[in-house]
Structures are given as structure tokens and as C-alpha cells.
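Have a look at structure00.csv; it's CSV, C-alpha atoms and all ligand atoms:
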chain,number,residue,atom,x,y,z
A,1,MET,CA,-16.6,3.5,2.9
A,2,ALA,CA,-18.5,5.1,5.7
A,3,GLU,CA,-19.6,8.7,5.0
A,4,MET,CA,-17.2,11.2,6.5
A,5,ALA,CA,-18.6,14.3,8.3
A,6,PRO,CA,-17.8,17.6,6.6
A,7,GLY,CA,-15.2,19.7,8.3
A,8,PRO,CA,-11.5,19.9,8.7
A,9,ARG,CA,-9.4,16.9,7.8
A,10,LEU,CA,-8.4,14.9,10.9
A,11,SER,CA,-5.1,13.3,11.5
A,12,VAL,CA,-6.9,10.1,12.5
A,13,LEU,CA,-8.6,7.9,9.9
A,14,PHE,CA,-11.1,5.3,11.2
A,15,VAL,CA,-10.9,2.5,8.6
A,16,GLY,CA,-11.8,-0.5,10.7
A,17,GLN,CA,-15.6,0.0,11.0
A,18,ARG,CA,-16.0,-2.7,8.4
A,19,SER,CA,-14.2,-6.0,8.6
A,20,LEU,CA,-11.5,-6.5,6.0
A,21,ALA,CA,-13.6,-9.3,4.6
A,22,ALA,CA,-16.4,-6.9,4.1
A,23,GLN,CA,-14.1,-4.3,2.5
A,24,ARG,CA,-12.7,-6.8,0.1
A,25,ARG,CA,-15.9,-8.8,-0.8
A,26,GLY,CA,-16.6,-8.8,-4.5
A,27,ARG,CA,-13.7,-6.4,-5.2
A,28,PHE,CA,-10.8,-8.9,-5.9
A,29,VAL,CA,-10.4,-12.0,-8.1
A,30,ALA,CA,-9.9,-15.4,-6.6
A,31,GLY,CA,-6.3,-15.9,-5.5
A,32,SER,CA,-5.8,-12.4,-4.3
A,33,GLY,CA,-6.0,-13.6,-0.7
A,34,ALA,CA,-2.6,-15.3,-1.1
A,35,HIS,CA,-0.9,-11.9,-0.8
A,36,PRO,CA,0.5,-11.6,2.7
A,37,ALA,CA,0.3,-7.9,3.2
A,38,ARG,CA,-2.6,-6.2,1.4
A,39,MET,CA,-3.7,-2.7,2.2
A,40,ALA,CA,-7.1,-2.2,3.7
A,41,PRO,CA,-9.3,-1.0,0.8
A,42,ASP,CA,-11.1,1.6,3.0
A,43,LEU,CA,-7.7,3.0,3.9
A,44,ALA,CA,-6.6,3.3,0.3
A,45,ALA,CA,-10.0,4.9,-0.6
A,46,ALA,CA,-9.8,7.4,2.2
A,47,LEU,CA,-6.3,8.5,1.3
A,48,ILE,CA,-7.0,8.7,-2.4
A,49,GLY,CA,-10.2,10.7,-1.6
A,50,ASP,CA,-8.2,13.1,0.7
A,51,TYR,CA,-5.3,13.8,-1.6
A,52,THR,CA,-6.6,13.6,-5.2
A,53,HIS,CA,-9.4,14.6,-7.5
A,54,PRO,CA,-11.2,12.6,-10.2
A,55,GLY,CA,-8.9,12.3,-13.3
A,56,ASP,CA,-5.7,12.5,-11.2
A,57,LEU,CA,-3.0,9.8,-11.6
A,58,VAL,CA,-2.2,7.6,-8.6
A,59,PHE,CA,1.0,5.5,-8.6
A,60,ASP,CA,1.8,2.6,-6.4
A,61,PRO,CA,5.4,1.4,-6.9
A,62,LEU,CA,4.9,-1.6,-4.6
A,63,ALA,CA,1.4,-2.5,-5.8
A,64,GLY,CA,1.0,-6.1,-4.7
A,65,ILE,CA,-2.4,-7.3,-5.9
A,66,GLY,CA,-3.4,-3.8,-6.7
A,67,THR,CA,-5.6,-2.6,-3.8
A,68,THR,CA,-4.6,1.1,-4.3
A,69,LEU,CA,-5.2,0.8,-8.1
A,70,VAL,CA,-8.6,-0.8,-7.6
A,71,GLU,CA,-9.8,1.9,-5.2
A,72,ALA,CA,-8.3,4.6,-7.5
A,73,VAL,CA,-10.2,3.5,-10.6
A,74,HIS,CA,-13.4,3.0,-8.6
A,75,LEU,CA,-13.0,6.7,-7.5
A,76,GLY,CA,-12.5,7.9,-11.1
A,77,ARG,CA,-8.8,8.3,-10.8
A,78,ASP,CA,-6.3,6.8,-13.2
A,79,ALA,CA,-3.7,4.5,-11.8
A,80,LEU,CA,-0.2,3.0,-12.4
A,81,GLY,CA,1.2,0.2,-10.4
A,82,MET,CA,4.5,-1.7,-10.3
A,83,ASP,CA,5.5,-4.9,-8.5
A,84,ILE,CA,8.5,-7.1,-8.8
A,85,GLU,CA,6.6,-10.4,-8.5
A,86,PRO,CA,5.0,-11.6,-11.7
A,87,GLY,CA,2.2,-13.4,-9.7
A,88,TRP,CA,1.1,-10.2,-8.0
A,89,VAL,CA,1.3,-8.2,-11.2
A,90,SER,CA,-1.1,-10.7,-12.9
A,91,LEU,CA,-3.5,-10.5,-10.0
A,92,ALA,CA,-3.3,-6.7,-9.9
A,93,ARG,CA,-4.1,-6.6,-13.6
A,94,ALA,CA,-7.0,-9.0,-13.1
A,95,ASN,CA,-8.3,-7.0,-10.2
A,96,VAL,CA,-8.2,-3.7,-12.2
A,97,ALA,CA,-10.1,-5.5,-15.0
A,98,LEU,CA,-12.7,-6.7,-12.5
A,99,ALA,CA,-13.1,-3.1,-11.2
A,100,ARG,CA,-13.6,-1.9,-14.8
A,101,SER,CA,-16.2,-4.6,-15.4
A,102,GLN,CA,-18.0,-3.3,-12.3
A,103,GLY,CA,-18.2,0.2,-13.7
A,104,ALA,CA,-15.0,1.8,-12.4
A,105,THR,CA,-14.3,4.8,-14.7
A,106,GLY,CA,-10.6,5.2,-14.1
A,107,THR,CA,-8.0,3.5,-16.2
A,108,ALA,CA,-4.9,1.6,-14.9
A,109,LYS,CA,-1.7,0.0,-16.1
A,110,VAL,CA,0.4,-2.4,-14.1
A,111,ILE,CA,4.1,-2.9,-14.8
A,112,LYS,CA,6.4,-5.7,-13.6
A,113,GLY,CA,9.6,-4.0,-12.4
A,114,ASP,CA,12.0,-3.2,-9.7
A,115,ALA,CA,10.8,0.0,-7.9
A,116,THR,CA,14.2,0.6,-6.4
A,117,ARG,CA,15.3,1.4,-10.0
A,118,LEU,CA,12.7,4.1,-10.6
A,119,PRO,CA,12.0,6.1,-12.6
A,120,THR,CA,13.1,3.6,-15.2
A,121,ARG,CA,10.5,1.2,-16.5
A,122,VAL,CA,7.8,3.9,-16.2
A,123,PRO,CA,7.1,5.5,-19.6
A,124,THR,CA,9.0,8.8,-19.9
A,125,ALA,CA,5.8,10.6,-20.8
A,126,LEU,CA,4.5,10.0,-17.3
A,127,ARG,CA,7.3,12.0,-15.6
A,128,GLY,CA,5.8,15.0,-13.8
A,129,THR,CA,2.2,13.7,-14.0
A,130,VAL,CA,1.6,11.8,-10.8
A,131,SER,CA,-0.6,13.5,-8.2
A,132,LEU,CA,-0.3,10.9,-5.5
A,133,VAL,CA,2.2,8.1,-4.9
A,134,LEU,CA,0.4,5.8,-2.4
A,135,THR,CA,2.2,2.7,-1.2
A,136,SER,CA,3.1,0.4,1.6
A,137,PRO,CA,6.3,-1.5,2.1
A,138,PRO,CA,6.6,-5.2,2.7
A,139,TYR,CA,6.8,-6.4,6.3
A,140,GLY,CA,8.5,-9.3,8.1
A,141,PRO,CA,6.9,-12.7,7.9
A,142,THR,CA,5.8,-12.9,11.5
A,143,MET,CA,2.9,-10.6,10.8
A,144,HIS,CA,1.4,-12.4,7.9
A,145,GLY,CA,-0.1,-15.5,6.6
A,146,ARG,CA,-3.0,-17.8,7.4
A,147,ILE,CA,-3.2,-20.7,9.7
A,148,GLU,CA,-4.7,-24.1,9.2
A,149,HIS,CA,-5.3,-26.5,12.1
A,150,ARG,CA,-8.0,-28.8,10.9
A,151,HIS,CA,-5.7,-31.4,9.6
A,152,GLY,CA,-3.0,-32.0,12.2
A,153,PRO,CA,-0.6,-29.5,13.7
A,154,LEU,CA,-1.0,-25.7,13.3
A,155,THR,CA,0.5,-24.8,9.9
A,156,ARG,CA,1.0,-21.4,8.3
A,157,PHE,CA,0.5,-20.6,4.6
A,158,HIS,CA,0.2,-17.6,2.3
A,159,ASN,CA,3.0,-15.9,4.3
A,160,THR,CA,5.5,-15.4,1.5
A,161,TYR,CA,5.8,-12.6,-1.0
A,162,THR,CA,7.4,-14.8,-3.6
A,163,THR,CA,5.3,-15.8,-6.5
A,164,GLY,CA,7.8,-16.8,-9.2
A,165,GLY,CA,9.1,-20.0,-7.6
A,166,THR,CA,12.5,-18.4,-6.8
A,167,ARG,CA,13.3,-15.5,-4.5
A,168,THR,CA,14.1,-12.3,-6.4
A,169,GLY,CA,17.1,-10.6,-4.9
A,170,ALA,CA,15.5,-7.2,-5.4
A,171,ASN,CA,12.3,-8.1,-3.5
A,172,LEU,CA,12.4,-5.9,-0.4
A,173,ALA,CA,10.5,-8.5,1.5
A,174,HIS,CA,13.6,-10.6,1.7
A,175,ALA,CA,16.1,-7.7,2.0
A,176,GLY,CA,16.6,-7.7,5.8
A,177,ARG,CA,16.2,-4.6,7.9
A,178,ARG,CA,19.0,-2.5,6.5
A,179,GLY,CA,18.2,-3.6,2.9
A,180,LEU,CA,14.5,-2.8,3.4
A,181,ALA,CA,15.3,0.7,4.8
A,182,ASP,CA,17.7,1.4,1.9
A,183,GLY,CA,15.2,0.0,-0.6
A,184,ILE,CA,12.4,2.2,0.7
A,185,GLY,CA,14.7,5.2,0.3
A,186,ALA,CA,15.5,4.3,-3.3
A,187,VAL,CA,11.8,3.8,-4.1
A,188,LEU,CA,10.9,7.2,-2.6
A,189,ALA,CA,13.7,9.0,-4.3
A,190,GLY,CA,12.8,7.3,-7.6
A,191,CYS,CA,9.2,8.5,-7.3
A,192,VAL,CA,10.1,12.2,-7.1
A,193,PRO,CA,10.7,12.7,-10.9
A,194,LEU,CA,7.2,11.2,-11.5
A,195,LEU,CA,5.4,13.8,-9.3
A,196,LYS,CA,3.6,16.7,-10.7
A,197,PRO,CA,4.0,20.1,-8.9
A,198,GLY,CA,2.3,19.8,-5.6
A,199,GLY,CA,2.1,16.0,-5.8
A,200,LEU,CA,2.4,13.9,-2.7
A,201,ILE,CA,4.1,10.6,-1.6
A,202,VAL,CA,2.0,8.9,1.1
A,203,VAL,CA,3.3,5.7,2.7
A,204,ALA,CA,1.2,3.6,5.0
A,205,SER,CA,3.2,1.3,7.3
A,206,ARG,CA,3.0,-0.3,10.7
A,207,PRO,CA,5.5,-1.5,13.3
A,208,TRP,CA,5.8,-5.2,13.8
A,209,ARG,CA,7.5,-7.4,16.4
A,210,ARG,CA,10.3,-9.9,16.1
A,211,ASP,CA,11.1,-12.0,19.1
A,212,GLY,CA,9.1,-9.5,21.2
A,213,HIS,CA,11.1,-6.5,19.9
A,214,LEU,CA,9.4,-3.7,18.0
A,215,VAL,CA,10.6,-3.2,14.4
A,216,ASP,CA,9.9,0.4,13.7
A,217,ILE,CA,9.1,0.4,10.0
A,218,PRO,CA,7.2,3.7,10.2
A,219,GLY,CA,10.3,5.3,11.7
A,220,GLN,CA,12.4,3.8,8.9
A,221,VAL,CA,10.0,5.1,6.3
A,222,ILE,CA,10.3,8.7,7.7
A,223,THR,CA,14.1,8.5,7.9
A,224,ALA,CA,14.3,7.1,4.3
A,225,GLY,CA,12.0,9.9,3.0
A,226,LEU,CA,14.0,12.6,4.7
A,227,GLU,CA,17.3,11.1,3.5
A,228,ALA,CA,15.8,11.0,0.0
A,229,GLY,CA,15.4,14.8,0.3
A,230,LEU,CA,11.6,14.8,0.8
A,231,LEU,CA,9.7,17.1,3.1
A,232,LEU,CA,7.6,15.4,5.8
A,233,VAL,CA,4.4,17.4,5.6
A,234,ASP,CA,2.1,15.3,7.8
A,235,CYS,CA,1.9,12.2,10.0
A,236,ARG,CA,-1.5,10.5,10.4
A,237,ARG,CA,-2.8,7.3,12.0
A,238,ALA,CA,-5.2,4.9,10.4
A,239,VAL,CA,-7.1,3.0,13.2
A,240,HIS,CA,-8.1,-0.5,12.2
A,241,ALA,CA,-10.1,-1.2,15.4
A,242,ALA,CA,-13.9,-0.8,15.1
A,243,LEU,CA,-15.7,1.7,17.2
A,244,ARG,CA,-18.7,0.0,18.9
A,245,ASP,CA,-20.8,1.5,21.7
A,246,GLY,CA,-18.1,3.9,22.6
A,247,HIS,CA,-15.4,1.2,22.8
A,248,LEU,CA,-12.7,0.1,20.4
A,249,SER,CA,-13.1,-3.5,19.3
A,250,ALA,CA,-9.8,-5.0,18.2
A,251,ARG,CA,-9.2,-6.3,14.7
A,252,HIS,CA,-5.9,-8.2,14.5
A,253,THR,CA,-4.3,-11.2,13.0
A,254,PHE,CA,-3.5,-14.4,14.9
A,255,PHE,CA,0.2,-13.7,14.6
A,256,GLN,CA,-0.1,-10.2,16.0
A,257,LEU,CA,-2.1,-11.5,19.0
A,258,VAL,CA,0.5,-14.3,19.7
A,259,ALA,CA,3.4,-11.8,19.4
A,260,ALA,CA,1.8,-9.4,21.8
A,261,ARG,CA,0.9,-12.1,24.3
A,262,LYS,CA,4.5,-13.6,24.2
A,263,ALA,CA,6.0,-10.2,24.8
A,264,ARG,CA,3.7,-9.5,27.7
A,265,LEU,CA,4.5,-12.9,29.2
A,266,ALA,CA,8.2,-12.0,28.9
A,267,GLY,CA,7.5,-8.8,30.9
A,268,ARG,CA,7.3,-6.3,28.1
A,269,PRO,CA,4.4,-3.9,28.4
A,270,VAL,CA,3.4,-4.0,24.7
A,271,SER,CA,0.1,-3.2,23.2
A,272,LEU,CA,-1.8,-4.9,20.3
A,273,ILE,CA,-1.0,-2.9,17.2
A,274,GLN,CA,-4.3,-1.5,15.7
A,275,HIS,CA,-3.1,1.2,13.5
A,276,ASP,CA,-1.0,2.1,10.4
A,277,ASP,CA,1.2,5.1,10.4
A,278,ILE,CA,0.7,7.4,7.4
A,279,ALA,CA,3.7,9.5,6.4
A,280,VAL,CA,2.9,12.3,3.9
A,281,PHE,CA,5.8,13.6,2.0
A,282,GLN,CA,6.2,16.3,-0.6
A,283,SER,CA,9.2,17.1,-2.8
A,284,PRO,CA,10.7,20.5,-1.9
A,285,LEU,CA,11.3,21.1,-5.6
A,286,LYS,CA,7.7,20.4,-6.5
A,287,CYS,CA,5.7,22.2,-3.9
A,288,ARG,CA,4.1,24.6,-6.3
A,289,SER,CA,0.4,23.5,-6.5
A,290,SER,CA,-1.0,22.5,-9.8
A,291,ARG,CA,-4.4,21.1,-10.7
A,292,GLU,CA,-3.6,20.5,-14.4
A,293,PRO,CA,-5.0,17.1,-15.4
A,294,HIS,CA,-2.4,14.6,-16.6
A,295,ARG,CA,-2.7,13.3,-20.1
A,296,GLY,CA,-3.7,9.7,-19.3
A,297,VAL,CA,-1.7,6.5,-18.9
A,298,PRO,CA,0.2,5.8,-22.2
A,299,ALA,CA,-0.5,2.5,-23.9
A,300,HIS,CA,-4.2,3.1,-23.8
A,301,ARG,CA,-5.6,3.7,-27.2
A,302,PRO,CA,-8.2,6.5,-27.4
A,303,GLY,CA,-11.5,5.0,-26.4
A,304,ASP,CA,-10.0,1.8,-25.0
A,305,ARG,CA,-11.5,1.7,-21.5
A,306,ARG,CA,-9.9,-1.6,-20.5
A,307,GLN,CA,-6.9,-2.0,-18.4
A,308,ALA,CA,-3.7,-1.7,-20.5
B,1,LIG,C1,3.0,-4.4,1.4
B,1,LIG,S1,3.0,-5.2,-0.2
B,1,LIG,C2,1.9,-4.1,-1.1
B,1,LIG,C3,0.5,-4.7,-1.0
B,1,LIG,C4,-0.5,-3.8,-1.8
B,1,LIG,N1,-0.6,-2.5,-1.2
B,1,LIG,C5,-1.8,-4.5,-1.9
B,1,LIG,O1,-2.8,-4.1,-1.2
B,1,LIG,O2,-1.9,-5.5,-2.6
B,1,LIG,C6,4.6,-4.8,-0.9
B,1,LIG,C7,4.8,-5.3,-2.3
B,1,LIG,O3,6.1,-4.8,-2.7
B,1,LIG,C8,6.6,-5.7,-3.6
B,1,LIG,N2,8.0,-5.5,-3.8
B,1,LIG,C9,9.0,-5.8,-3.0
B,1,LIG,N3,10.2,-5.4,-3.5
B,1,LIG,C10,9.9,-4.7,-4.6
B,1,LIG,C11,10.7,-4.1,-5.6
B,1,LIG,N4,12.0,-4.0,-5.5
B,1,LIG,N5,10.1,-3.5,-6.7
B,1,LIG,C12,8.7,-3.6,-6.8
B,1,LIG,N6,7.9,-4.3,-5.9
B,1,LIG,C13,8.5,-4.8,-4.8
B,1,LIG,C14,6.2,-7.1,-3.0
B,1,LIG,O4,6.2,-8.1,-4.1
B,1,LIG,C15,4.8,-6.8,-2.4
B,1,LIG,O5,3.8,-7.2,-3.3

Translate the structure described by the file into C-alpha cells.
Ligand SMILES: C[S@@+](CC[C@H](N)C(=O)[O-])C[C@H]1O[C@@H](n2cnc3c(N)ncnc32)[C@H](O)[C@@H]1O
Amino acid sequence: MAEMAPGPRLSVLFVGQRSLAAQRRGRFVAGSGAHPARMAPDLAAALIGDYTHPGDLVFDPLAGIGTTLVEAVHLGRDALGMDIEPGWVSLARANVALARSQGATGTAKVIKGDATRLPTRVPTALRGTVSLVLTSPPYGPTMHGRIEHRHGPLTRFHNTYTTGGTRTGANLAHAGRRGLADGIGAVLAGCVPLLKPGGLIVVASRPWRRDGHLVDIPGQVITAGLEAGLLLVDCRRAVHAALRDGHLSARHTFFQLVAARKARLAGRPVSLIQHDDIAVFQSPLKCRSSREPHRGVPAHRPGDRRQA
């Protein structure tokens, strides 16, 4: 990550100075690129740096291939991840193991489970120990995937969240708009018992477009958090465009560009989305600040520095 100037924390995070390829190079095992909606590593690192200290525990209930966990352990934080898809869980474990082999000092555990049923599946000993829940919800398929056009017509691949062969009913990526909103609410509510006093829940999300219409996922996240009884303590923006010679240089996917162009051709004055919305929540019951270190991720034997 680029060095940040000392001074007050700004609401805007510039996390697009390096390309995503540069941010991910050497940090993830082969196959990780199949995940359709990975968080930018520099965004994960910036948020972990802003909201935690070395030794703190970071939890991602929708962990995917483990970007937040990888950045956490590289920054000396411990991490816990959960995902419903076995394929992403395996990749997240492998990515954490790679980070450890590269000298990351934090420890991490990845659980396969349904995060809408939290806090179950998380060891009871971890309740009240999480300093930061850092996560991002799944998006609709129009934003994701890769395209291939060398052999015939344009085809899209790597645009599905499913890894186990069959669609899991509880996978929020397939839940529809209402189901996704309800699911996010259940995930956020289920994270509260895991927070230590003063702990935060930070959700990165971005709007996307379907048939030219904006699907306001960040708005749904904020509504879901408030309905789950959380306090919204901050809203920030993570800018993915690069700043070059005083101008913003766009970083976007093919699908985002096509969606924006189509909408403009249809007469809608839309812009090319270049940011994530960052919602920062705190539990009203847990606002008392505490810097007590947690006692480590269970299932690690003393001295065992590998991923559990
Ligand atoms: C936006 S992706 C997270 C990507 C992750 N931040 C990364 O960089 O790899 C959301 C993840 O939520 C997972 N997911 C969807 N529904 C879930 C559920 N009910 N419980 C746990 N994980 C779920 C999906 O499998 C997907 O990997």
C-alpha cells in the first residue's frame, strides 16, 4: 500500500493507485481469480490498518477467497473467516497458508458455514473477542466475470459464486434483492455477539446496474445494519480510480463499462462507478472502548503458527 500522510483520517480512501493485478500479484494461490467479487487488497489493508491494532482479531463472515484474512495476517492481526461455498473456503485456507509462508505473523482460521445463522458455527470462546468485522456482500452477476473472445463469440466465465456444483439455497448471491437485503441484516445481527466492546462492523459495497437501473446495495446495507440495531458511525468512500497528473484515470470492468454505456444510450445520465461505499457500524451495547487483546483463535495449538 502507498504510504499515507500523517494527519486526521479522511472519509475518502484512495485505493486505486495500483492496479488490482499489482495488488494481488504473488499474494493468492492459482485459482483465486475464479471468484467473481474479490475485495481490493489495498482497500482491505487500509481498513484493517485504520480500525485495528496488531494482535486484534478480524472476522469476515463472507470471506470468499480470503482477501481480508490475507491482509489481516500480513498486518500482524489474527483472522477468522466464513464462507458457504466449499471451493472458496479451500482457496481462502490456501491463501492464508501462502501468506504465512511469506512471513505473515497473524494466524487465521476459515470455517465453512452459513453466515446468516451466526453466531453459531463460530467457537463460543470467540464471542466478545472480535475487534473488526470486515466484509462485503455478493453482488449481481452483471458486474462480474471475465470475457473471452479469442475463440468465437464473446463468452463470459468466472461469473458465478457457486463452487460445489449445485446452488446452495443459503448463498446470498442467488437470493434475489429482498433475500440479499434480509440476509445481510441477518449476517450483521449475528456478528454483534462476536464483537468486543468498542468493536466495529465495516461493510464495503458498491451499487451496480441491472437493465440500466441502479441497484443500491450500499443503501440496503445501511438499512439492514440499522434494522439490526446497529449504530451507523461513519460512511466513507473508497476510490478505485488512479490519480495521475491531477486527473482520475478510470479502473473498471468490461461489464461496468457496457452497463454505463447502455444506460447513457438509453438517455439515463449515469456515471461509471469507481468507488465502494464503506459503512462503519458499532453496536450500541458495545460502544465501551477496550484494547484488551483477544486470546487467539481456538484450534491453534500453542506454538503452531500455521493456519488452523
Ligand atoms: C463479495 S464475496 C466476498 C469476497 C471476499 N471479500 C474476497 O475478497 O474474496 C461474498 C461471499 O459471500 C459468500 N456467501 C454468500 N452467502 C453466504 C452465506 N449465507 N454464508 C456465508 N457466505 C456466504 C459467497 O460465497 C461469496 O464468496

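Counting only C-alpha atoms, the residue from A:Asp78, A:Glu227, A:Asp211, A:Asp83 that sits nearest to Leu118 (chain A) is A:Asp83.
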
Contacts to ligand LIG 1 (chain B) at 9 Å cut-off (all atoms listed in the file) as a ChimeraX atom specification: /A:32,35-41,44,60-69,82-89,92,112-118,134-139,161-163,168-175,180,183-184,187,204-205

Could those residues be written to a file, using C-alpha atoms, as a short mmCIF file (atom, residue, chain, number, x, y, z; two decimals), keeping the file's coordinate frame?
data_model
loop_
_atom_site.label_atom_id
_atom_site.label_comp_id
_atom_site.auth_asym_id
_atom_site.auth_seq_id
_atom_site.Cartn_x
_atom_site.Cartn_y
_atom_site.Cartn_z
CA SER A 32 -5.80 -12.40 -4.30
CA HIS A 35 -0.90 -11.90 -0.80
CA PRO A 36 0.50 -11.60 2.70
CA ALA A 37 0.30 -7.90 3.20
CA ARG A 38 -2.60 -6.20 1.40
CA MET A 39 -3.70 -2.70 2.20
CA ALA A 40 -7.10 -2.20 3.70
CA PRO A 41 -9.30 -1.00 0.80
CA ALA A 44 -6.60 3.30 0.30
CA ASP A 60 1.80 2.60 -6.40
CA PRO A 61 5.40 1.40 -6.90
CA LEU A 62 4.90 -1.60 -4.60
CA ALA A 63 1.40 -2.50 -5.80
CA GLY A 64 1.00 -6.10 -4.70
CA ILE A 65 -2.40 -7.30 -5.90
CA GLY A 66 -3.40 -3.80 -6.70
CA THR A 67 -5.60 -2.60 -3.80
CA THR A 68 -4.60 1.10 -4.30
CA LEU A 69 -5.20 0.80 -8.10
CA MET A 82 4.50 -1.70 -10.30
CA ASP A 83 5.50 -4.90 -8.50
CA ILE A 84 8.50 -7.10 -8.80
CA GLU A 85 6.60 -10.40 -8.50
CA PRO A 86 5.00 -11.60 -11.70
CA GLY A 87 2.20 -13.40 -9.70
CA TRP A 88 1.10 -10.20 -8.00
CA VAL A 89 1.30 -8.20 -11.20
CA ALA A 92 -3.30 -6.70 -9.90
CA LYS A 112 6.40 -5.70 -13.60
CA GLY A 113 9.60 -4.00 -12.40
CA ASP A 114 12.00 -3.20 -9.70
CA ALA A 115 10.80 0.00 -7.90
CA THR A 116 14.20 0.60 -6.40
CA ARG A 117 15.30 1.40 -10.00
CA LEU A 118 12.70 4.10 -10.60
CA LEU A 134 0.40 5.80 -2.40
CA THR A 135 2.20 2.70 -1.20
CA SER A 136 3.10 0.40 1.60
CA PRO A 137 6.30 -1.50 2.10
CA PRO A 138 6.60 -5.20 2.70
CA TYR A 139 6.80 -6.40 6.30
CA TYR A 161 5.80 -12.60 -1.00
CA THR A 162 7.40 -14.80 -3.60
CA THR A 163 5.30 -15.80 -6.50
CA THR A 168 14.10 -12.30 -6.40
CA GLY A 169 17.10 -10.60 -4.90
CA ALA A 170 15.50 -7.20 -5.40
CA ASN A 171 12.30 -8.10 -3.50
CA LEU A 172 12.40 -5.90 -0.40
CA ALA A 173 10.50 -8.50 1.50
CA HIS A 174 13.60 -10.60 1.70
CA ALA A 175 16.10 -7.70 2.00
CA LEU A 180 14.50 -2.80 3.40
CA GLY A 183 15.20 0.00 -0.60
CA ILE A 184 12.40 2.20 0.70
CA VAL A 187 11.80 3.80 -4.10
CA ALA A 204 1.20 3.60 5.00
CA SER A 205 3.20 1.30 7.30
#

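In this comparison, which uses only C-alpha atoms, the residue of A:Gly106, A:Gly267, A:Gly26, A:Gly128 approaching Pro197 (chain A) most closely is A:Gly128.
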
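Closest to Phe281 (chain A) among A:Ala228, A:Ala266, A:Val239, A:Ala99 is A:Ala228, based on all atoms listed in the file.
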
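Interatomic distance, CA of Ala263 (chain A) to CA of His213 (chain A): 8.0 Å.
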
Residue nearest Val280 (chain A) among A:Glu71, A:Asp50, A:Asp245, A:Asp42 (counting all atoms listed in the file): A:Asp50

Residue among A:Val133, A:Leu200, A:Val29, A:Ala45 lying closest to Leu285 (chain A), counting all atoms listed in the file: A:Leu200

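Proximity ranking of A:Arg209, A:Leu231, A:Leu13, A:Lys109 relative to Arg261 (chain A) places A:Arg209 first, based on only C-alpha atoms.
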
Local residues around (3.8, 14.6, -14.2), at most 6 Å away, using all atoms listed in the file, as a ChimeraX atom specification: /A:126-130,194-196

Nearby residues (only C-alpha atoms) at most 6 Å from Leu80 (chain A), same-chain spacing under 5 positions excluded, as a list in words: Phe59, Ala108, Lys109 and Val110 of chain A

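Here CA of Asp182 (chain A) stands at a distance of 10.3 Å from CA of Gly225 (chain A).
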
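For the pair CA of Arg18 (chain A) and CA of Arg244 (chain A), the separation is 11.2 Å.
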
Test item: residues at most 12 Å from Val215 (chain A), only C-alpha atoms, excluding those fewer than 4 positions along its chain, as a list of chain:residue names: A:Tyr139, A:Gly140, A:Thr142, A:Met143, A:Gly176, A:Arg177, A:Arg178, A:Leu180, A:Ala181, A:Ser205, A:Arg206, A:Pro207, A:Trp208, A:Arg209, A:Arg210, A:Asp211, A:Gly219, A:Gln220, A:Val221, A:Ile273
